[in-house]
Amino acid sequence: LELIKKLSMTCRSHLDDDENKQKQRELQEKLNGKMTLQEYNMVHDAQDDEEFLQQYRKQRMEEMRQQLYSGQQFKQVFDITTGEGFLDTVDKEHKSTLVMIHIYEDDIPGSESLNGCMICLAAEYPMVKFCRVKSSLIGASTRFTSSALPALLIYKGGELIGNFVRITDQLGDDFFAVDLEAFLQECGLLPEKDVVLLTSIQNPSACFSEDSDLEID
């Protein structure tokens, strides 16, 4: 039941007479960091609350900056092998840690591209925990596998803050790390690159170890 709750991917709906009240709730959720820019734009036109969106983006950037300066470093993609492992990954990380989980199957178009992108981004964003799990290992249905994968779920403090089913609808079947990076930054779910570079300059060991294979051009 807990796994189902964590994996629930529902669409927001509301009655016309509750529209104003619902909008206020959504704005509050957004301020609390529980709603992405993409989710907000799906509910309201982009021209609405432009000033608020800019303020929200600034707030998200500051949260990302604080996360980069302190916290555990991961630097790799972790494989989840069970439903219990999925729950532990979501619930047992520090509340400030972003956890990105790719749900995939090998024969689904776009899964290989997303796996490769996550390997690259894990090295560039060491404070973000990147994980992947096969849908069959967490009991996902055949219908879910065929219609929703590859899916990218993003959690913080145990809460689902990013929900991108069939992410290939936005990025296509063949995409690169820079494409995924730009998409997540647009949604307010990754810090801008200059924040990462600033952190790396002030604390080089935060992103690179002595035996790292990564080189700076």
# chains A, B, ... in the order shown; residues from 1 in each chain; ligands from 1
call {"tool": "residues_around", "arguments": {"residues": "Ser111 of chain A", "least_positions_apart": "5", "cutoff": "9 Å", "atoms": "only C-alpha atoms", "output": "PDB file with all heavy atoms, in the first residue's frame"}}
result
ATOM      1  N   HIS A 102      14.314   6.722 -12.228  1.00  0.00           N
ATOM      2  CA  HIS A 102      13.903   6.356 -13.588  1.00  0.00           C
ATOM      3  C   HIS A 102      13.266   4.966 -13.531  1.00  0.00           C
ATOM      4  O   HIS A 102      13.913   3.987 -13.151  1.00  0.00           O
ATOM      5  CB  HIS A 102      15.135   6.343 -14.506  1.00  0.00           C
ATOM      6  CG  HIS A 102      14.864   5.828 -15.876  1.00  0.00           C
ATOM      7  ND1 HIS A 102      15.846   5.263 -16.668  1.00  0.00           N
ATOM      8  CD2 HIS A 102      13.720   5.779 -16.606  1.00  0.00           C
ATOM      9  CE1 HIS A 102      15.312   4.902 -17.828  1.00  0.00           C
ATOM     10  NE2 HIS A 102      14.031   5.207 -17.798  1.00  0.00           N
ATOM     11  N   ILE A 103      12.012   4.875 -13.893  1.00  0.00           N
ATOM     12  CA  ILE A 103      11.327   3.584 -13.998  1.00  0.00           C
ATOM     13  C   ILE A 103      11.349   3.189 -15.464  1.00  0.00           C
ATOM     14  O   ILE A 103      10.895   3.959 -16.329  1.00  0.00           O
ATOM     15  CB  ILE A 103       9.889   3.671 -13.479  1.00  0.00           C
ATOM     16  CG1 ILE A 103       9.879   4.187 -12.033  1.00  0.00           C
ATOM     17  CG2 ILE A 103       9.202   2.305 -13.554  1.00  0.00           C
ATOM     18  CD1 ILE A 103       8.490   4.349 -11.453  1.00  0.00           C
ATOM     19  N   TYR A 104      11.864   1.994 -15.753  1.00  0.00           N
ATOM     20  CA  TYR A 104      12.124   1.645 -17.150  1.00  0.00           C
ATOM     21  C   TYR A 104      11.973   0.155 -17.407  1.00  0.00           C
ATOM     22  O   TYR A 104      11.830  -0.654 -16.485  1.00  0.00           O
ATOM     23  CB  TYR A 104      13.545   2.072 -17.513  1.00  0.00           C
ATOM     24  CG  TYR A 104      14.632   1.185 -16.926  1.00  0.00           C
ATOM     25  CD1 TYR A 104      15.296   0.242 -17.723  1.00  0.00           C
ATOM     26  CD2 TYR A 104      14.992   1.256 -15.583  1.00  0.00           C
ATOM     27  CE1 TYR A 104      16.276  -0.587 -17.193  1.00  0.00           C
ATOM     28  CE2 TYR A 104      15.965   0.438 -15.048  1.00  0.00           C
ATOM     29  CZ  TYR A 104      16.610  -0.480 -15.857  1.00  0.00           C
ATOM     30  OH  TYR A 104      17.569  -1.314 -15.330  1.00  0.00           O
ATOM     31  N   GLU A 105      12.025  -0.189 -18.682  1.00  0.00           N
ATOM     32  CA  GLU A 105      12.234  -1.551 -19.153  1.00  0.00           C
ATOM     33  C   GLU A 105      13.146  -1.443 -20.372  1.00  0.00           C
ATOM     34  O   GLU A 105      13.094  -0.456 -21.115  1.00  0.00           O
ATOM     35  CB  GLU A 105      10.914  -2.236 -19.524  1.00  0.00           C
ATOM     36  CG  GLU A 105      10.069  -2.671 -18.341  1.00  0.00           C
ATOM     37  CD  GLU A 105      10.692  -3.768 -17.490  1.00  0.00           C
ATOM     38  OE1 GLU A 105      11.573  -4.497 -18.017  1.00  0.00           O
ATOM     39  OE2 GLU A 105      10.316  -3.901 -16.312  1.00  0.00           O
ATOM     40  N   ASP A 106      13.974  -2.440 -20.565  1.00  0.00           N
ATOM     41  CA  ASP A 106      15.003  -2.360 -21.609  1.00  0.00           C
ATOM     42  C   ASP A 106      14.429  -2.175 -23.007  1.00  0.00           C
ATOM     43  O   ASP A 106      15.043  -1.529 -23.859  1.00  0.00           O
ATOM     44  CB  ASP A 106      15.878  -3.621 -21.579  1.00  0.00           C
ATOM     45  CG  ASP A 106      16.728  -3.686 -20.313  1.00  0.00           C
ATOM     46  OD1 ASP A 106      17.097  -2.616 -19.789  1.00  0.00           O
ATOM     47  OD2 ASP A 106      17.012  -4.802 -19.848  1.00  0.00           O
ATOM     48  N   GLY A 116      21.500   6.718 -19.984  1.00  0.00           N
ATOM     49  CA  GLY A 116      22.772   7.369 -20.302  1.00  0.00           C
ATOM     50  C   GLY A 116      22.825   8.796 -19.788  1.00  0.00           C
ATOM     51  O   GLY A 116      23.856   9.245 -19.268  1.00  0.00           O
ATOM     52  N   LEU A 149       6.053   4.422 -19.571  1.00  0.00           N
ATOM     53  CA  LEU A 149       7.521   4.388 -19.539  1.00  0.00           C
ATOM     54  C   LEU A 149       8.128   4.970 -20.814  1.00  0.00           C
ATOM     55  O   LEU A 149       7.511   4.918 -21.872  1.00  0.00           O
ATOM     56  CB  LEU A 149       8.009   2.950 -19.345  1.00  0.00           C
ATOM     57  CG  LEU A 149       7.523   2.235 -18.083  1.00  0.00           C
ATOM     58  CD1 LEU A 149       8.227   0.892 -17.942  1.00  0.00           C
ATOM     59  CD2 LEU A 149       7.737   3.074 -16.836  1.00  0.00           C
ATOM     60  N   PRO A 150       9.351   5.512 -20.689  1.00  0.00           N
ATOM     61  CA  PRO A 150      10.121   5.677 -19.452  1.00  0.00           C
ATOM     62  C   PRO A 150       9.553   6.805 -18.593  1.00  0.00           C
ATOM     63  O   PRO A 150       9.152   7.836 -19.114  1.00  0.00           O
ATOM     64  CB  PRO A 150      11.527   6.027 -19.951  1.00  0.00           C
ATOM     65  CG  PRO A 150      11.301   6.687 -21.274  1.00  0.00           C
ATOM     66  CD  PRO A 150      10.103   6.001 -21.877  1.00  0.00           C
ATOM     67  N   ALA A 151       9.529   6.581 -17.283  1.00  0.00           N
ATOM     68  CA  ALA A 151       8.995   7.569 -16.351  1.00  0.00           C
ATOM     69  C   ALA A 151      10.115   8.073 -15.453  1.00  0.00           C
ATOM     70  O   ALA A 151      11.020   7.319 -15.077  1.00  0.00           O
ATOM     71  CB  ALA A 151       7.879   6.954 -15.500  1.00  0.00           C
ATOM     72  N   THR A 168       9.415  10.717 -22.974  1.00  0.00           N
ATOM     73  CA  THR A 168       9.744  10.844 -24.395  1.00  0.00           C
ATOM     74  C   THR A 168       8.750  11.736 -25.128  1.00  0.00           C
ATOM     75  O   THR A 168       9.053  12.229 -26.222  1.00  0.00           O
ATOM     76  CB  THR A 168       9.782   9.455 -25.065  1.00  0.00           C
ATOM     77  OG1 THR A 168       8.604   8.720 -24.698  1.00  0.00           O
ATOM     78  CG2 THR A 168      11.002   8.668 -24.607  1.00  0.00           C
ATOM     79  N   ASP A 173      12.490  10.084 -28.515  1.00  0.00           N
ATOM     80  CA  ASP A 173      13.056   8.783 -28.156  1.00  0.00           C
ATOM     81  C   ASP A 173      14.573   8.816 -28.024  1.00  0.00           C
ATOM     82  O   ASP A 173      15.166   7.997 -27.329  1.00  0.00           O
ATOM     83  CB  ASP A 173      12.675   7.727 -29.213  1.00  0.00           C
ATOM     84  CG  ASP A 173      11.188   7.402 -29.189  1.00  0.00           C
ATOM     85  OD1 ASP A 173      10.533   7.746 -28.179  1.00  0.00           O
ATOM     86  OD2 ASP A 173      10.688   6.827 -30.176  1.00  0.00           O
TER      87      ASP A 173
END
call {"tool": "atom_distance", "arguments": {"atom1": "atom CA of Thr142 of chain A", "atom2": "atom CA of Ile119 of chain A"}}
result
26.7 Å
call {"tool": "atom_distance", "arguments": {"atom1": "atom CA of Leu160 of chain A", "atom2": "atom CA of Gly83 of chain A"}}
result
16.3 Å
call {"tool": "select_by_dssp", "arguments": {"residues": "segment 79-204 of chain A", "states": "helix (DSSP H, G or I)", "output": "VMD selection string"}}
result
chain A and resid 83 to 91 111 to 124 135 to 138 142 to 148 168 to 171 177 to 186 193 to 202 204
call {"tool": "residues_around", "arguments": {"residues": "Ser113 of chain A", "least_positions_apart": "4", "cutoff": "7 Å", "atoms": "only C-alpha atoms", "output": "list in words"}}
result
Cys117, Asp174, Phe175 and Phe176 of chain A
call {"tool": "residues_around", "arguments": {"residues": "Ala122 of chain A", "least_positions_apart": "4", "cutoff": "8 Å", "atoms": "only C-alpha atoms", "output": "PDB file with N, CA, C and O atoms, in the first residue's frame"}}
result
ATOM      1  N   PHE A  74      26.700  11.684  -4.103  1.00  0.00           N
ATOM      2  CA  PHE A  74      26.354  10.366  -4.629  1.00  0.00           C
ATOM      3  C   PHE A  74      27.178  10.006  -5.870  1.00  0.00           C
ATOM      4  O   PHE A  74      27.764   8.943  -5.950  1.00  0.00           O
ATOM      5  N   LYS A  75      27.161  10.867  -6.890  1.00  0.00           N
ATOM      6  CA  LYS A  75      28.061  10.772  -8.050  1.00  0.00           C
ATOM      7  C   LYS A  75      27.844   9.541  -8.926  1.00  0.00           C
ATOM      8  O   LYS A  75      28.670   9.241  -9.776  1.00  0.00           O
ATOM      9  N   GLN A  76      26.758   8.807  -8.770  1.00  0.00           N
ATOM     10  CA  GLN A  76      26.513   7.629  -9.591  1.00  0.00           C
ATOM     11  C   GLN A  76      25.018   7.342  -9.640  1.00  0.00           C
ATOM     12  O   GLN A  76      24.230   7.961  -8.935  1.00  0.00           O
ATOM     13  N   VAL A  77      24.649   6.399 -10.514  1.00  0.00           N
ATOM     14  CA  VAL A  77      23.251   5.964 -10.608  1.00  0.00           C
ATOM     15  C   VAL A  77      23.107   4.663  -9.835  1.00  0.00           C
ATOM     16  O   VAL A  77      23.841   3.701 -10.065  1.00  0.00           O
ATOM     17  N   MET A 118      21.272  10.041 -17.202  1.00  0.00           N
ATOM     18  CA  MET A 118      21.380  10.060 -15.744  1.00  0.00           C
ATOM     19  C   MET A 118      22.809   9.778 -15.281  1.00  0.00           C
ATOM     20  O   MET A 118      23.273  10.337 -14.289  1.00  0.00           O
ATOM     21  N   PRO A 126      26.480  15.987  -8.038  1.00  0.00           N
ATOM     22  CA  PRO A 126      26.752  14.933  -7.048  1.00  0.00           C
ATOM     23  C   PRO A 126      25.832  14.952  -5.840  1.00  0.00           C
ATOM     24  O   PRO A 126      25.740  13.963  -5.123  1.00  0.00           O
ATOM     25  N   VAL A 128      22.589  15.300  -5.995  1.00  0.00           N
ATOM     26  CA  VAL A 128      21.311  14.706  -6.387  1.00  0.00           C
ATOM     27  C   VAL A 128      21.490  13.188  -6.459  1.00  0.00           C
ATOM     28  O   VAL A 128      22.465  12.705  -7.027  1.00  0.00           O
ATOM     29  N   LYS A 129      20.558  12.459  -5.899  1.00  0.00           N
ATOM     30  CA  LYS A 129      20.644  11.001  -5.934  1.00  0.00           C
ATOM     31  C   LYS A 129      19.844  10.483  -7.131  1.00  0.00           C
ATOM     32  O   LYS A 129      18.620  10.594  -7.168  1.00  0.00           O
ATOM     33  N   PHE A 130      20.534   9.937  -8.120  1.00  0.00           N
ATOM     34  CA  PHE A 130      19.914   9.376  -9.314  1.00  0.00           C
ATOM     35  C   PHE A 130      19.795   7.861  -9.144  1.00  0.00           C
ATOM     36  O   PHE A 130      20.761   7.180  -8.787  1.00  0.00           O
TER      37      PHE A 130
END
call {"tool": "closest_residue", "arguments": {"among": "A:Asp88, A:Ala182, A:Gly139, A:Ile101", "to": "Ile161 of chain A", "atoms": "only C-alpha atoms"}}
result
A:Ile101
call {"tool": "atom_distance", "arguments": {"atom1": "atom CA of Arg60 of chain A", "atom2": "atom CA of Glu112 of chain A"}}
result
29.3 Å
call {"tool": "closest_residue", "arguments": {"among": "A:Asp169, A:Glu159, A:Glu51, A:Asp91", "to": "Pro109 of chain A", "atoms": "only C-alpha atoms"}}
result
A:Asp169
call {"tool": "closest_residue", "arguments": {"among": "A:Met61, A:Leu53, A:Leu152, A:Ile108", "to": "Gln185 of chain A", "atoms": "only C-alpha atoms"}}
result
A:Met61
call {"tool": "closest_residue", "arguments": {"among": "A:His94, A:Tyr155, A:Gln54, A:Gly110", "to": "Leu171 of chain A", "atoms": "only C-alpha atoms"}}
result
A:Gly110
call {"tool": "closest_residue", "arguments": {"among": "A:Val99, A:Leu3, A:Cys120, A:Val165", "to": "Gly85 of chain A", "atoms": "only C-alpha atoms"}}
result
A:Leu3
